[in-house]
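data_15.pdb follows (PDB, C-alpha atoms and all ligand atoms):
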ATOM      1  CA  MET U   1      -8.339  -0.186   9.574  1.00  0.00           C
ATOM      2  CA  ILE U   2      -8.729   2.752  11.958  1.00  0.00           C
ATOM      3  CA  THR U   3     -10.355   2.125  15.325  1.00  0.00           C
ATOM      4  CA  PHE U   4     -10.984   4.692  18.052  1.00  0.00           C
ATOM      5  CA  ASP U   5     -11.965   3.073  21.337  1.00  0.00           C
ATOM      6  CA  ARG U   6     -13.352   5.561  23.900  1.00  0.00           C
ATOM      7  CA  VAL U   7     -10.716   8.117  22.981  1.00  0.00           C
ATOM      8  CA  GLY U   8     -10.402  11.386  24.849  1.00  0.00           C
ATOM      9  CA  LYS U   9      -7.931  14.209  24.323  1.00  0.00           C
ATOM     10  CA  ARG U  10      -7.441  16.925  26.895  1.00  0.00           C
ATOM     11  CA  TYR U  11      -4.923  19.618  26.034  1.00  0.00           C
ATOM     12  CA  ALA U  12      -2.565  20.887  28.691  1.00  0.00           C
ATOM     13  CA  GLU U  13      -4.739  23.792  29.820  1.00  0.00           C
ATOM     14  CA  GLY U  14      -7.532  21.389  30.777  1.00  0.00           C
ATOM     15  CA  HIS U  15      -9.796  21.733  27.777  1.00  0.00           C
ATOM     16  CA  ASP U  16     -11.353  18.507  26.370  1.00  0.00           C
ATOM     17  CA  ALA U  17     -10.844  18.634  22.594  1.00  0.00           C
ATOM     18  CA  LEU U  18     -12.252  15.087  22.188  1.00  0.00           C
ATOM     19  CA  SER U  19     -14.388  12.925  24.526  1.00  0.00           C
ATOM     20  CA  GLU U  20     -15.486   9.289  24.310  1.00  0.00           C
ATOM     21  CA  ILE U  21     -14.760   8.855  20.630  1.00  0.00           C
ATOM     22  CA  SER U  22     -15.513   5.287  19.518  1.00  0.00           C
ATOM     23  CA  VAL U  23     -15.598   4.627  15.804  1.00  0.00           C
ATOM     24  CA  GLU U  24     -14.336   2.142  13.287  1.00  0.00           C
ATOM     25  CA  ILE U  25     -13.304   2.975   9.752  1.00  0.00           C
ATOM     26  CA  ARG U  26     -12.921   0.015   7.416  1.00  0.00           C
ATOM     27  CA  GLN U  27     -10.004  -0.396   5.073  1.00  0.00           C
ATOM     28  CA  ASP U  28     -12.154   0.146   1.964  1.00  0.00           C
ATOM     29  CA  GLU U  29     -13.883   3.288   3.237  1.00  0.00           C
ATOM     30  CA  LEU U  30     -13.779   6.960   2.402  1.00  0.00           C
ATOM     31  CA  VAL U  31     -15.186   8.844   5.395  1.00  0.00           C
ATOM     32  CA  PHE U  32     -15.844  12.535   5.909  1.00  0.00           C
ATOM     33  CA  LEU U  33     -15.352  14.235   9.254  1.00  0.00           C
ATOM     34  CA  THR U  34     -17.301  17.401   9.830  1.00  0.00           C
ATOM     35  CA  GLY U  35     -18.279  19.726  12.660  1.00  0.00           C
ATOM     36  CA  HIS U  36     -18.025  23.353  13.722  1.00  0.00           C
ATOM     37  CA  SER U  37     -14.737  25.178  14.057  1.00  0.00           C
ATOM     38  CA  GLY U  38     -13.010  23.841  17.170  1.00  0.00           C
ATOM     39  CA  ALA U  39     -15.139  20.653  17.253  1.00  0.00           C
ATOM     40  CA  GLY U  40     -11.997  18.513  17.267  1.00  0.00           C
ATOM     41  CA  LYS U  41     -11.540  17.457  13.635  1.00  0.00           C
ATOM     42  CA  SER U  42      -7.870  18.341  13.385  1.00  0.00           C
ATOM     43  CA  THR U  43      -7.196  16.824  16.798  1.00  0.00           C
ATOM     44  CA  LEU U  44      -8.680  13.520  15.647  1.00  0.00           C
ATOM     45  CA  LEU U  45      -6.432  13.509  12.561  1.00  0.00           C
ATOM     46  CA  ARG U  46      -3.416  14.432  14.687  1.00  0.00           C
ATOM     47  CA  LEU U  47      -4.014  11.406  16.924  1.00  0.00           C
ATOM     48  CA  ILE U  48      -3.893   9.123  13.875  1.00  0.00           C
ATOM     49  CA  MET U  49      -0.623  10.712  12.723  1.00  0.00           C
ATOM     50  CA  LEU U  50       0.789  10.512  16.265  1.00  0.00           C
ATOM     51  CA  MET U  51       1.276  14.279  16.327  1.00  0.00           C
ATOM     52  CA  GLU U  52      -0.692  14.043  19.579  1.00  0.00           C
ATOM     53  CA  ARG U  53      -1.343  11.236  22.048  1.00  0.00           C
ATOM     54  CA  PRO U  54      -4.789  10.549  23.532  1.00  0.00           C
ATOM     55  CA  THR U  55      -5.318  11.196  27.230  1.00  0.00           C
ATOM     56  CA  ARG U  56      -7.885   8.369  27.361  1.00  0.00           C
ATOM     57  CA  GLY U  57      -8.740   5.306  25.305  1.00  0.00           C
ATOM     58  CA  GLN U  58      -6.955   3.716  22.400  1.00  0.00           C
ATOM     59  CA  VAL U  59      -6.316   4.301  18.735  1.00  0.00           C
ATOM     60  CA  ILE U  60      -5.686   1.127  16.753  1.00  0.00           C
ATOM     61  CA  ILE U  61      -4.466   1.277  13.175  1.00  0.00           C
ATOM     62  CA  ASP U  62      -4.141  -1.771  10.977  1.00  0.00           C
ATOM     63  CA  GLY U  63      -4.200  -3.933  14.092  1.00  0.00           C
ATOM     64  CA  GLN U  64      -1.566  -1.942  15.941  1.00  0.00           C
ATOM     65  CA  ASN U  65      -2.357  -0.107  19.151  1.00  0.00           C
ATOM     66  CA  LEU U  66      -0.643   3.262  18.749  1.00  0.00           C
ATOM     67  CA  ALA U  67       0.114   3.344  22.477  1.00  0.00           C
ATOM     68  CA  ALA U  68       2.786   0.751  21.680  1.00  0.00           C
ATOM     69  CA  VAL U  69       4.484   2.990  19.104  1.00  0.00           C
ATOM     70  CA  LYS U  70       7.377   4.735  20.806  1.00  0.00           C
ATOM     71  CA  ALA U  71       8.880   8.032  19.641  1.00  0.00           C
ATOM     72  CA  ARG U  72      11.476   6.324  17.461  1.00  0.00           C
ATOM     73  CA  GLY U  73       8.727   4.279  15.750  1.00  0.00           C
ATOM     74  CA  ILE U  74       6.779   7.376  14.688  1.00  0.00           C
ATOM     75  CA  PRO U  75       8.547   7.941  11.324  1.00  0.00           C
ATOM     76  CA  ARG U  76       7.800   4.355  10.300  1.00  0.00           C
ATOM     77  CA  HIS U  77       4.180   4.750  11.416  1.00  0.00           C
ATOM     78  CA  ARG U  78       3.837   7.942   9.343  1.00  0.00           C
ATOM     79  CA  ARG U  79       5.156   6.231   6.231  1.00  0.00           C
ATOM     80  CA  ASN U  80       1.813   4.436   6.027  1.00  0.00           C
ATOM     81  CA  ILE U  81      -0.102   7.700   6.134  1.00  0.00           C
ATOM     82  CA  GLY U  82      -0.334  10.410   3.496  1.00  0.00           C
ATOM     83  CA  VAL U  83      -1.481  13.844   4.646  1.00  0.00           C
ATOM     84  CA  VAL U  84      -3.037  16.679   2.646  1.00  0.00           C
ATOM     85  CA  PHE U  85      -3.358  20.143   4.195  1.00  0.00           C
ATOM     86  CA  GLN U  86      -5.568  23.064   3.242  1.00  0.00           C
ATOM     87  CA  ASN U  87      -2.638  25.357   2.487  1.00  0.00           C
ATOM     88  CA  HIS U  88      -0.730  22.457   0.870  1.00  0.00           C
ATOM     89  CA  GLN U  89       2.586  23.635   2.367  1.00  0.00           C
ATOM     90  CA  LEU U  90       4.601  23.367  -0.833  1.00  0.00           C
ATOM     91  CA  LEU U  91       8.204  24.512  -1.044  1.00  0.00           C
ATOM     92  CA  LEU U  92       7.913  27.549  -3.297  1.00  0.00           C
ATOM     93  CA  ASP U  93      11.497  27.548  -4.583  1.00  0.00           C
ATOM     94  CA  ARG U  94      11.334  23.901  -5.683  1.00  0.00           C
ATOM     95  CA  THR U  95       9.720  22.427  -8.765  1.00  0.00           C
ATOM     96  CA  VAL U  96       6.551  20.365  -8.724  1.00  0.00           C
ATOM     97  CA  PHE U  97       8.713  17.271  -9.213  1.00  0.00           C
ATOM     98  CA  ASP U  98      10.960  18.115  -6.244  1.00  0.00           C
ATOM     99  CA  ASN U  99       8.001  18.852  -3.985  1.00  0.00           C
ATOM    100  CA  VAL U 100       6.407  15.493  -4.726  1.00  0.00           C
ATOM    101  CA  ALA U 101       9.761  13.702  -4.442  1.00  0.00           C
ATOM    102  CA  LEU U 102      10.478  15.093  -0.979  1.00  0.00           C
ATOM    103  CA  PRO U 103       8.962  12.256   1.129  1.00  0.00           C
ATOM    104  CA  LEU U 104      10.868   9.693  -0.953  1.00  0.00           C
ATOM    105  CA  VAL U 105      14.150  11.594  -0.667  1.00  0.00           C
ATOM    106  CA  ILE U 106      13.705  11.745   3.111  1.00  0.00           C
ATOM    107  CA  ALA U 107      12.893   8.025   3.237  1.00  0.00           C
ATOM    108  CA  GLY U 108      16.080   7.245   1.261  1.00  0.00           C
ATOM    109  CA  TYR U 109      14.634   5.853  -1.979  1.00  0.00           C
ATOM    110  CA  ASP U 110      17.089   5.594  -4.893  1.00  0.00           C
ATOM    111  CA  GLN U 111      16.955   8.074  -7.777  1.00  0.00           C
ATOM    112  CA  ARG U 112      15.391   5.763 -10.345  1.00  0.00           C
ATOM    113  CA  ASP U 113      12.660   4.699  -7.982  1.00  0.00           C
ATOM    114  CA  ILE U 114      12.000   8.328  -7.093  1.00  0.00           C
ATOM    115  CA  GLY U 115      11.622   9.337 -10.752  1.00  0.00           C
ATOM    116  CA  ARG U 116       9.263   6.485 -11.478  1.00  0.00           C
ATOM    117  CA  ARG U 117       7.086   7.010  -8.422  1.00  0.00           C
ATOM    118  CA  VAL U 118       6.920  10.800  -8.686  1.00  0.00           C
ATOM    119  CA  ARG U 119       5.819  10.597 -12.311  1.00  0.00           C
ATOM    120  CA  ALA U 120       3.221   7.947 -11.483  1.00  0.00           C
ATOM    121  CA  ALA U 121       1.806  10.175  -8.718  1.00  0.00           C
ATOM    122  CA  LEU U 122       1.796  13.275 -10.951  1.00  0.00           C
ATOM    123  CA  ASP U 123       0.089  11.295 -13.676  1.00  0.00           C
ATOM    124  CA  LYS U 124      -2.689  10.248 -11.281  1.00  0.00           C
ATOM    125  CA  VAL U 125      -3.439  13.868 -10.381  1.00  0.00           C
ATOM    126  CA  GLY U 126      -3.176  15.019 -14.010  1.00  0.00           C
ATOM    127  CA  LEU U 127      -0.037  17.137 -13.579  1.00  0.00           C
ATOM    128  CA  LEU U 128       2.628  15.170 -15.389  1.00  0.00           C
ATOM    129  CA  PRO U 129       3.144  17.946 -17.968  1.00  0.00           C
ATOM    130  CA  ARG U 130       3.901  20.437 -15.169  1.00  0.00           C
ATOM    131  CA  GLU U 131       6.670  18.530 -13.398  1.00  0.00           C
ATOM    132  CA  ARG U 132       9.254  21.263 -14.072  1.00  0.00           C
ATOM    133  CA  ALA U 133       6.956  24.137 -13.045  1.00  0.00           C
ATOM    134  CA  LEU U 134       7.349  26.147  -9.855  1.00  0.00           C
ATOM    135  CA  PRO U 135       4.312  26.090  -7.538  1.00  0.00           C
ATOM    136  CA  VAL U 136       3.654  29.852  -7.902  1.00  0.00           C
ATOM    137  CA  THR U 137       2.950  29.361 -11.600  1.00  0.00           C
ATOM    138  CA  LEU U 138       0.123  26.914 -10.808  1.00  0.00           C
ATOM    139  CA  SER U 139      -3.507  27.654  -9.971  1.00  0.00           C
ATOM    140  CA  GLY U 140      -4.837  26.959  -6.467  1.00  0.00           C
ATOM    141  CA  GLY U 141      -6.468  23.735  -7.645  1.00  0.00           C
ATOM    142  CA  GLU U 142      -3.244  22.590  -9.307  1.00  0.00           C
ATOM    143  CA  GLN U 143      -1.239  23.392  -6.180  1.00  0.00           C
ATOM    144  CA  GLN U 144      -3.629  21.275  -4.161  1.00  0.00           C
ATOM    145  CA  ARG U 145      -3.124  18.429  -6.656  1.00  0.00           C
ATOM    146  CA  VAL U 146       0.621  18.679  -6.097  1.00  0.00           C
ATOM    147  CA  GLY U 147      -0.082  18.367  -2.362  1.00  0.00           C
ATOM    148  CA  ILE U 148      -2.145  15.255  -3.038  1.00  0.00           C
ATOM    149  CA  ALA U 149       0.543  13.739  -5.286  1.00  0.00           C
ATOM    150  CA  ARG U 150       3.089  14.314  -2.509  1.00  0.00           C
ATOM    151  CA  ALA U 151       0.744  12.650   0.001  1.00  0.00           C
ATOM    152  CA  VAL U 152       0.321   9.504  -2.101  1.00  0.00           C
ATOM    153  CA  VAL U 153       3.775   9.184  -3.654  1.00  0.00           C
ATOM    154  CA  ALA U 154       4.993   6.681  -1.065  1.00  0.00           C
ATOM    155  CA  ARG U 155       1.783   4.645  -1.564  1.00  0.00           C
ATOM    156  CA  PRO U 156       0.361   5.011   1.938  1.00  0.00           C
ATOM    157  CA  LYS U 157      -2.420   2.761   3.169  1.00  0.00           C
ATOM    158  CA  ILE U 158      -4.207   5.731   4.720  1.00  0.00           C
ATOM    159  CA  LEU U 159      -4.810   9.187   3.306  1.00  0.00           C
ATOM    160  CA  LEU U 160      -5.816  11.994   5.684  1.00  0.00           C
ATOM    161  CA  ALA U 161      -6.918  15.431   4.528  1.00  0.00           C
ATOM    162  CA  ASP U 162      -7.622  18.498   6.664  1.00  0.00           C
ATOM    163  CA  GLU U 163      -9.935  20.926   4.823  1.00  0.00           C
ATOM    164  CA  PRO U 164      -8.382  20.050   1.458  1.00  0.00           C
ATOM    165  CA  THR U 165     -10.841  22.206  -0.500  1.00  0.00           C
ATOM    166  CA  GLY U 166     -10.892  25.144   1.910  1.00  0.00           C
ATOM    167  CA  ASN U 167      -9.581  27.672  -0.610  1.00  0.00           C
ATOM    168  CA  LEU U 168     -11.168  26.302  -3.765  1.00  0.00           C
ATOM    169  CA  ASP U 169     -14.353  27.126  -5.655  1.00  0.00           C
ATOM    170  CA  PRO U 170     -17.131  24.483  -5.847  1.00  0.00           C
ATOM    171  CA  ALA U 171     -16.138  23.013  -9.217  1.00  0.00           C
ATOM    172  CA  LEU U 172     -12.478  22.602  -8.244  1.00  0.00           C
ATOM    173  CA  SER U 173     -13.500  21.243  -4.841  1.00  0.00           C
ATOM    174  CA  ALA U 174     -15.613  18.571  -6.514  1.00  0.00           C
ATOM    175  CA  GLU U 175     -12.663  17.600  -8.734  1.00  0.00           C
ATOM    176  CA  ILE U 176     -10.380  17.275  -5.713  1.00  0.00           C
ATOM    177  CA  MET U 177     -12.948  15.025  -4.006  1.00  0.00           C
ATOM    178  CA  GLN U 178     -13.059  12.855  -7.147  1.00  0.00           C
ATOM    179  CA  LEU U 179      -9.317  12.381  -6.839  1.00  0.00           C
ATOM    180  CA  PHE U 180      -9.723  11.190  -3.252  1.00  0.00           C
ATOM    181  CA  GLU U 181     -12.441   8.810  -4.424  1.00  0.00           C
ATOM    182  CA  ALA U 182     -10.114   7.412  -7.081  1.00  0.00           C
ATOM    183  CA  PHE U 183      -7.424   6.663  -4.485  1.00  0.00           C
ATOM    184  CA  ASN U 184     -10.044   5.067  -2.255  1.00  0.00           C
ATOM    185  CA  GLN U 185     -11.146   2.851  -5.137  1.00  0.00           C
ATOM    186  CA  VAL U 186      -7.650   1.421  -5.450  1.00  0.00           C
ATOM    187  CA  GLY U 187      -7.632   0.423  -1.782  1.00  0.00           C
ATOM    188  CA  VAL U 188      -6.520   3.479   0.185  1.00  0.00           C
ATOM    189  CA  THR U 189      -8.479   4.266   3.364  1.00  0.00           C
ATOM    190  CA  VAL U 190      -9.414   7.965   3.152  1.00  0.00           C
ATOM    191  CA  LEU U 191     -10.480  10.309   5.968  1.00  0.00           C
ATOM    192  CA  ILE U 192     -11.294  13.905   5.018  1.00  0.00           C
ATOM    193  CA  ALA U 193     -12.080  16.693   7.501  1.00  0.00           C
ATOM    194  CA  SER U 194     -14.291  19.268   5.813  1.00  0.00           C
ATOM    195  CA  HIS U 195     -16.659  22.114   6.657  1.00  0.00           C
ATOM    196  CA  ASP U 196     -18.177  21.934   3.208  1.00  0.00           C
ATOM    197  CA  LEU U 197     -21.459  20.171   4.015  1.00  0.00           C
ATOM    198  CA  ALA U 198     -23.007  21.103   0.663  1.00  0.00           C
ATOM    199  CA  LEU U 199     -20.233  19.246  -1.137  1.00  0.00           C
ATOM    200  CA  ILE U 200     -19.761  16.243   1.137  1.00  0.00           C
ATOM    201  CA  SER U 201     -23.450  15.476   1.551  1.00  0.00           C
ATOM    202  CA  ARG U 202     -23.775  15.157  -2.233  1.00  0.00           C
ATOM    203  CA  LEU U 203     -21.127  12.417  -2.232  1.00  0.00           C
ATOM    204  CA  ARG U 204     -22.259   9.008  -1.068  1.00  0.00           C
ATOM    205  CA  HIS U 205     -19.901   8.385   1.820  1.00  0.00           C
ATOM    206  CA  ARG U 206     -20.235   8.123   5.549  1.00  0.00           C
ATOM    207  CA  ILE U 207     -20.104  11.443   7.383  1.00  0.00           C
ATOM    208  CA  LEU U 208     -18.860  11.557  10.972  1.00  0.00           C
ATOM    209  CA  THR U 209     -20.030  14.665  12.790  1.00  0.00           C
ATOM    210  CA  LEU U 210     -18.227  16.119  15.790  1.00  0.00           C
ATOM    211  CA  ARG U 211     -19.824  18.584  18.162  1.00  0.00           C
ATOM    212  CA  GLU U 212     -17.717  19.968  20.969  1.00  0.00           C
ATOM    213  CA  GLY U 213     -15.418  16.973  20.853  1.00  0.00           C
ATOM    214  CA  ARG U 214     -18.121  14.292  20.742  1.00  0.00           C
ATOM    215  CA  LEU U 215     -19.330  12.207  17.829  1.00  0.00           C
ATOM    216  CA  VAL U 216     -22.972  12.991  17.182  1.00  0.00           C
ATOM    217  CA  GLY U 217     -23.558  11.162  13.930  1.00  0.00           C
ATOM    218  CA  GLY U 218     -22.216   8.644  11.454  1.00  0.00           C
ATOM    219  CA  TYR U 219     -20.863   6.056  13.831  1.00  0.00           C
ATOM    220  CA  PRO U 220     -19.861   3.308  14.493  1.00  0.00           C
TER     221      PRO U 220
HETATM  222  N1  LIG U 301      -2.201  22.344  20.679  1.00  0.00           N
HETATM  223  C1  LIG U 301      -3.313  22.708  21.320  1.00  0.00           C
HETATM  224  N2  LIG U 301      -3.259  23.146  22.603  1.00  0.00           N
HETATM  225  C2  LIG U 301      -4.381  23.504  23.258  1.00  0.00           C
HETATM  226  N3  LIG U 301      -5.619  23.466  22.723  1.00  0.00           N
HETATM  227  C3  LIG U 301      -5.730  23.041  21.444  1.00  0.00           C
HETATM  228  C4  LIG U 301      -4.591  22.653  20.671  1.00  0.00           C
HETATM  229  N4  LIG U 301      -5.025  22.280  19.450  1.00  0.00           N
HETATM  230  C5  LIG U 301      -6.366  22.439  19.451  1.00  0.00           C
HETATM  231  N5  LIG U 301      -6.798  22.901  20.660  1.00  0.00           N
HETATM  232  C6  LIG U 301      -8.189  23.134  21.046  1.00  0.00           C
HETATM  233  O1  LIG U 301      -8.906  21.919  20.913  1.00  0.00           O
HETATM  234  C7  LIG U 301     -10.186  22.138  20.352  1.00  0.00           C
HETATM  235  C8  LIG U 301     -10.339  21.347  19.052  1.00  0.00           C
HETATM  236  O2  LIG U 301      -9.501  21.924  18.079  1.00  0.00           O
HETATM  237  P1  LIG U 301      -9.322  21.306  16.622  1.00  0.00           P
HETATM  238  O3  LIG U 301      -8.285  22.113  15.933  1.00  0.00           O
HETATM  239  O4  LIG U 301      -9.141  19.848  16.718  1.00  0.00           O
HETATM  240  O5  LIG U 301     -10.764  21.607  15.994  1.00  0.00           O
HETATM  241  P2  LIG U 301     -11.242  21.614  14.487  1.00  0.00           P
HETATM  242  O6  LIG U 301     -12.578  20.965  14.481  1.00  0.00           O
HETATM  243  O7  LIG U 301     -10.187  21.034  13.623  1.00  0.00           O
HETATM  244  O8  LIG U 301     -11.392  23.161  14.193  1.00  0.00           O
HETATM  245  P3  LIG U 301     -11.143  23.981  12.840  1.00  0.00           P
HETATM  246  O9  LIG U 301     -12.205  23.539  11.895  1.00  0.00           O
HETATM  247  O10 LIG U 301     -11.289  25.404  13.295  1.00  0.00           O
HETATM  248  O11 LIG U 301      -9.756  23.645  12.385  1.00  0.00           O
HETATM  249  C9  LIG U 301     -10.308  23.656  20.185  1.00  0.00           C
HETATM  250  O12 LIG U 301     -10.957  24.164  21.299  1.00  0.00           O
HETATM  251  C10 LIG U 301      -8.878  24.118  20.117  1.00  0.00           C
HETATM  252  O13 LIG U 301      -8.752  25.429  20.579  1.00  0.00           O
END
When written as structure tokens, how does the structure in this file appear?
Ligand SMILES: Nc1ncnc2c1ncn2[C@@H]1O[C@H](COP(=O)(O)OP(=O)(O)OP(=O)(O)O)[C@@H](O)[C@H]1O
Amino acid sequence: MITFDRVGKRYAEGHDALSEISVEIRQDELVFLTGHSGAGKSTLLRLIMLMERPTRGQVIIDGQNLAAVKARGIPRHRRNIGVVFQNHQLLLDRTVFDNVALPLVIAGYDQRDIGRRVRAALDKVGLLPRERALPVTLSGGEQQRVGIARAVVARPKILLADEPTGNLDPALSAEIMQLFEAFNQVGVTVLIASHDLALISRLRHRILTLREGRLVGGYP
């Protein structure tokens, strides 16, 4: 599903954020990505989202070489990818419903479809009863669930998460990981960048480890 073939990324000032990354992630996998701060985890996710381009090698997603995706093809590419951030980036003056609906509104779905899909996504993360709430009235764990509902509402094939449990206590973190596992079990490819070795090593999934931009474990 996701293939990195000898990928390197050098940022403008000459620093190699990633070097010689070759790895394959199957469609049915949930994979963790770990490594020290600055090891290149976010950069690797950004290459998949086409927020950055590699300086060497190729990234192939679902059979498509991303080098062939031009700027105007990026929105369509991103429709297949849901993204969850640590600070969930919710709109604070909008309800839970509106926050989750946002990707569908932008993509031009009709109202009825939006209502149905938003409620299905909120149901999956256990927040259907809070659809009219404002994000500030939710706990940190609930806010992160809203972020996850928003990431999956357009039914992406791939779900990426960058430190999704960074601000949560261990019990809430474990619950969030269970949600990712549930989406993986219904066929979504999941890639989660996380520092939380204690948590991710308890879960039975492949762990890719980056050190100074190179993969040092968990491949191919
Ligand atoms: N836009 C950028 N321009 C220049 N250098 C960058 C840019 N983004 C990241 N870097 C550098 O690339 C390296 C990898 O950064 P990246 O954010 O991918 O690491 P990370 O493993 O996600 O770290 P963290 O866990 O702290 O988020 C770092 O040295 C970082 O300073």
Compile a residue-level contact table for chain U against ligand LIG 301 (chain U) at a cut-off of 9 Å, reporting for every qualifying residue the shortest atom pair and its distance in Å to one decimal, with only C-alpha atoms and all ligand atoms counted, rows ordered by chain and ascending number, as JSON lines.
{"residue": "U:Lys9", "atom": "CA", "partner": "U:LIG301", "partner_atom": "O1", "distance": 8.5}
{"residue": "U:Arg10", "atom": "CA", "partner": "U:LIG301", "partner_atom": "O1", "distance": 7.9}
{"residue": "U:Tyr11", "atom": "CA", "partner": "U:LIG301", "partner_atom": "C2", "distance": 4.8}
{"residue": "U:Ala12", "atom": "CA", "partner": "U:LIG301", "partner_atom": "C2", "distance": 6.3}
{"residue": "U:Glu13", "atom": "CA", "partner": "U:LIG301", "partner_atom": "C2", "distance": 6.6}
{"residue": "U:Gly14", "atom": "CA", "partner": "U:LIG301", "partner_atom": "C2", "distance": 8.4}
{"residue": "U:His15", "atom": "CA", "partner": "U:LIG301", "partner_atom": "N3", "distance": 6.8}
{"residue": "U:Asp16", "atom": "CA", "partner": "U:LIG301", "partner_atom": "O1", "distance": 6.9}
{"residue": "U:Ala17", "atom": "CA", "partner": "U:LIG301", "partner_atom": "O1", "distance": 4.2}
{"residue": "U:Leu18", "atom": "CA", "partner": "U:LIG301", "partner_atom": "C8", "distance": 7.3}
{"residue": "U:Leu33", "atom": "CA", "partner": "U:LIG301", "partner_atom": "O6", "distance": 9.0}
{"residue": "U:Thr34", "atom": "CA", "partner": "U:LIG301", "partner_atom": "O6", "distance": 7.5}
{"residue": "U:Gly35", "atom": "CA", "partner": "U:LIG301", "partner_atom": "O6", "distance": 6.1}
{"residue": "U:His36", "atom": "CA", "partner": "U:LIG301", "partner_atom": "O6", "distance": 6.0}
{"residue": "U:Ser37", "atom": "CA", "partner": "U:LIG301", "partner_atom": "O10", "distance": 3.5}
{"residue": "U:Gly38", "atom": "CA", "partner": "U:LIG301", "partner_atom": "O5", "distance": 3.4}
{"residue": "U:Ala39", "atom": "CA", "partner": "U:LIG301", "partner_atom": "O6", "distance": 3.8}
{"residue": "U:Gly40", "atom": "CA", "partner": "U:LIG301", "partner_atom": "O4", "distance": 3.2}
{"residue": "U:Lys41", "atom": "CA", "partner": "U:LIG301", "partner_atom": "O6", "distance": 3.8}
{"residue": "U:Ser42", "atom": "CA", "partner": "U:LIG301", "partner_atom": "O7", "distance": 3.6}
{"residue": "U:Thr43", "atom": "CA", "partner": "U:LIG301", "partner_atom": "O4", "distance": 3.6}
{"residue": "U:Leu44", "atom": "CA", "partner": "U:LIG301", "partner_atom": "O4", "distance": 6.4}
{"residue": "U:Leu45", "atom": "CA", "partner": "U:LIG301", "partner_atom": "O4", "distance": 8.0}
{"residue": "U:Arg46", "atom": "CA", "partner": "U:LIG301", "partner_atom": "O4", "distance": 8.1}
{"residue": "U:Glu52", "atom": "CA", "partner": "U:LIG301", "partner_atom": "N1", "distance": 8.5}
{"residue": "U:Asp162", "atom": "CA", "partner": "U:LIG301", "partner_atom": "O7", "distance": 7.8}
{"residue": "U:Glu163", "atom": "CA", "partner": "U:LIG301", "partner_atom": "O9", "distance": 7.9}
{"residue": "U:Ala193", "atom": "CA", "partner": "U:LIG301", "partner_atom": "O7", "distance": 7.7}
{"residue": "U:Ser194", "atom": "CA", "partner": "U:LIG301", "partner_atom": "O9", "distance": 7.7}
{"residue": "U:His195", "atom": "CA", "partner": "U:LIG301", "partner_atom": "O9", "distance": 7.0}
{"residue": "U:Leu210", "atom": "CA", "partner": "U:LIG301", "partner_atom": "O6", "distance": 7.6}
{"residue": "U:Arg211", "atom": "CA", "partner": "U:LIG301", "partner_atom": "O6", "distance": 8.5}
{"residue": "U:Glu212", "atom": "CA", "partner": "U:LIG301", "partner_atom": "C8", "distance": 7.7}
{"residue": "U:Gly213", "atom": "CA", "partner": "U:LIG301", "partner_atom": "C8", "distance": 6.9}
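Near Glu131 of chain U, within a cut-off of 6 Å and counting all atoms listed in the file, sit the residues Val96, Phe97, Leu128, Pro129 and Ala133 of chain U, with same-chain residues fewer than 2 positions away left out.
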Determine the residue membership of the PyMOL selection byres (((chain U and resi 56-58) around 10) and not hetatm) for the file above and supply it as a PDB file with C-alpha atoms, in the coordinates of the input.
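In the end it all went to expr_22.pdb:
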ATOM      1  CA  THR U   3     -10.355   2.125  15.325  1.00  0.00           C
ATOM      2  CA  PHE U   4     -10.984   4.692  18.052  1.00  0.00           C
ATOM      3  CA  ASP U   5     -11.965   3.073  21.337  1.00  0.00           C
ATOM      4  CA  ARG U   6     -13.352   5.561  23.900  1.00  0.00           C
ATOM      5  CA  VAL U   7     -10.716   8.117  22.981  1.00  0.00           C
ATOM      6  CA  GLY U   8     -10.402  11.386  24.849  1.00  0.00           C
ATOM      7  CA  LYS U   9      -7.931  14.209  24.323  1.00  0.00           C
ATOM      8  CA  ARG U  10      -7.441  16.925  26.895  1.00  0.00           C
ATOM      9  CA  LEU U  18     -12.252  15.087  22.188  1.00  0.00           C
ATOM     10  CA  SER U  19     -14.388  12.925  24.526  1.00  0.00           C
ATOM     11  CA  GLU U  20     -15.486   9.289  24.310  1.00  0.00           C
ATOM     12  CA  ILE U  21     -14.760   8.855  20.630  1.00  0.00           C
ATOM     13  CA  SER U  22     -15.513   5.287  19.518  1.00  0.00           C
ATOM     14  CA  LEU U  47      -4.014  11.406  16.924  1.00  0.00           C
ATOM     15  CA  ARG U  53      -1.343  11.236  22.048  1.00  0.00           C
ATOM     16  CA  PRO U  54      -4.789  10.549  23.532  1.00  0.00           C
ATOM     17  CA  THR U  55      -5.318  11.196  27.230  1.00  0.00           C
ATOM     18  CA  VAL U  59      -6.316   4.301  18.735  1.00  0.00           C
ATOM     19  CA  ILE U  60      -5.686   1.127  16.753  1.00  0.00           C
ATOM     20  CA  ILE U  61      -4.466   1.277  13.175  1.00  0.00           C
ATOM     21  CA  ASN U  65      -2.357  -0.107  19.151  1.00  0.00           C
ATOM     22  CA  LEU U  66      -0.643   3.262  18.749  1.00  0.00           C
ATOM     23  CA  ALA U  67       0.114   3.344  22.477  1.00  0.00           C
TER      24      ALA U  67
END
Edge lengths and centre, in Å to one decimal, as lines of an AutoDock Vina configuration file: that's what I need for the box along x, y and z that holds all listed atoms of segment 24-31 of chain U plus 5 Å on each side.
center_x = -12.6
center_y = 4.2
center_z = 7.6
size_x = 15.2
size_y = 19.2
size_z = 21.3
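Between atom CA of Gln111 of chain U and atom CA of Gln185 of chain U the interatomic distance comes to 28.7 Å.
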For the file shown, what are the residues hit by the PyMOL selection byres (((chain U and resi 168) around 12) and not hetatm), laid out as a VMD selection string? chain U and resid 86 to 87 139 to 145 163 to 167 169 to 177 196 199
Evaluating the PyMOL selection byres (((chain U and resi 155) around 12) and not hetatm) on the displayed file yields which residues, as a PyMOL selection string? chain U and resi 78-83+103-104+117-118+120-121+148-154+156-159+183-184+186-189
